[in-house]
Amino acid sequence: MNVFSSLLPVAGSAFSLQAILAAIFVPQANEMWYDFGGSLGFLSTTVVSLYYPTLKARLWDGAAHVPFPPLFSFAPRQLLLTTALGIWTVRLGSFLVQRAIRAGGDSRFDIVKHRPGTFTVFWMVQALWVLVVGAPVYLVNVVPARLHPALSFSDYASLGLFVGSFVFEVIADRQKSAWRRAQINKEHEEKFITSGLWSISRHPNYVGEVGIWTGIWALSSASLQTIHYPRGTVALAAMSPLFTYFLLRYVSGVPPLERSAEKKWGQDAAWQTYKRKTPVFWPKFL
């Protein structure tokens, strides 16, 4: 089985899970657990990519006695990538779910959730998102540990990019949450946040998100350029950070937030000043 054929079980698990969740929540017009479904999708596909031979033997072939391989049997690169994806998934998933619960729902789906066909498509698109964005991790995991090169300085630099971007995103989210709590408690009268990381970018959390997936892709790249992968695999895997950037910058992230801000504060001089001085995406440090 070649590398891309080995991804078929991963893809199958991604779409199967979202189909099951859609079957549960679409009839209820319930969007509350949509982001939870995405997080669960990343975690389940990662497990499948790492343990598929064992899972197949135990669940499909009936060999329940086959033990799961110990963690130390995997390559350090596989463990680092799997851990990075797991940490990102749990952190972001819990943050988004808690936010939806506090808000009583997700405004993105106010209209869509009452259109069963369209709402189902959203769940399937989420499966595609899980598959494309997590591809660098899945591609590394499906190849035996002995075939991966040892970690080098560039890999540690890639890991540093992941960690730095993760911290950047967490700080941005916490700054906005603290600002919003202060606003609710009448501790300030600001209409929108302009302090902290939000003073160098209007969407610093999204900048961190792109950095996270760039770091994960970079950490996978040394393996993806070996003879065990088809030529061009590393470029194909770069769809992960590129797709993330495209979605956040031009589709579901920045555009609706900017439109909403313009609708609320378009005539506000403070908003116009903030827009003029603060980049919409990539930070300005000088």
# chains A, B, ... in the order shown; residues from 1 in each chain; ligands from 1
>>> residues_around(residues="segment 50-65 of chain A", least_positions_apart="5", cutoff="12 Å", atoms="only C-alpha atoms", output="VMD selection string")
chain A and resid 1 6 to 10 12 to 13 43 to 45 70 to 71 73 to 75 78 to 79 81 to 83 137 to 145
>>> residues_around(residues="Asn205 of chain A", least_positions_apart="6", cutoff="8 Å", atoms="only C-alpha atoms", output="NGL selection string")
:A and (168-170 or 172-173)
>>> closest_residue(among="A:Ser201, A:Ser240, A:Asn30, A:Gln18", to="Asp106 of chain A", atoms="only C-alpha atoms")
A:Asn30
>>> residues_around(residues="Pro241 of chain A", least_positions_apart="4", cutoff="10 Å", atoms="only C-alpha atoms", output="list in words")
Val132, Val133, Gly134, Pro136, Glu209, Val210, Gly211, Ile212, Trp213, Thr214, Gly215, Ile216, Trp217, Ala218, Ala237, Tyr245, Phe246 and Leu247 of chain A
>>> write_last_selection(atoms="C-alpha atoms", output="CSV table (one decimal), in the first residue's frame")
chain,number,residue,atom,x,y,z
A,132,VAL,CA,-6.5,18.9,4.2
A,133,VAL,CA,-5.3,20.9,7.2
A,134,GLY,CA,-4.1,17.8,9.1
A,136,PRO,CA,1.2,16.9,7.1
A,209,GLU,CA,-3.3,30.1,13.6
A,210,VAL,CA,-1.5,30.4,10.3
A,211,GLY,CA,1.9,30.2,12.1
A,212,ILE,CA,0.8,27.1,13.9
A,213,TRP,CA,0.1,25.2,10.8
A,214,THR,CA,3.2,26.5,9.0
A,215,GLY,CA,5.3,25.2,11.9
A,216,ILE,CA,3.6,21.8,11.7
A,217,TRP,CA,4.1,21.6,7.9
A,218,ALA,CA,7.7,22.6,8.3
A,237,ALA,CA,1.2,19.1,2.2
A,245,TYR,CA,-4.5,31.3,5.5
A,246,PHE,CA,-7.0,31.4,2.6
A,247,LEU,CA,-10.0,30.5,4.7
>>> select_by_dssp(residues="segment 150-237 of chain A", states="alpha helix (DSSP H)", output="ChimeraX atom specification")
/A:153-184,204-224,233-237
>>> atom_distance(atom1="atom CA of Ala103 of chain A", atom2="atom CA of Arg180 of chain A")
12.6 Å
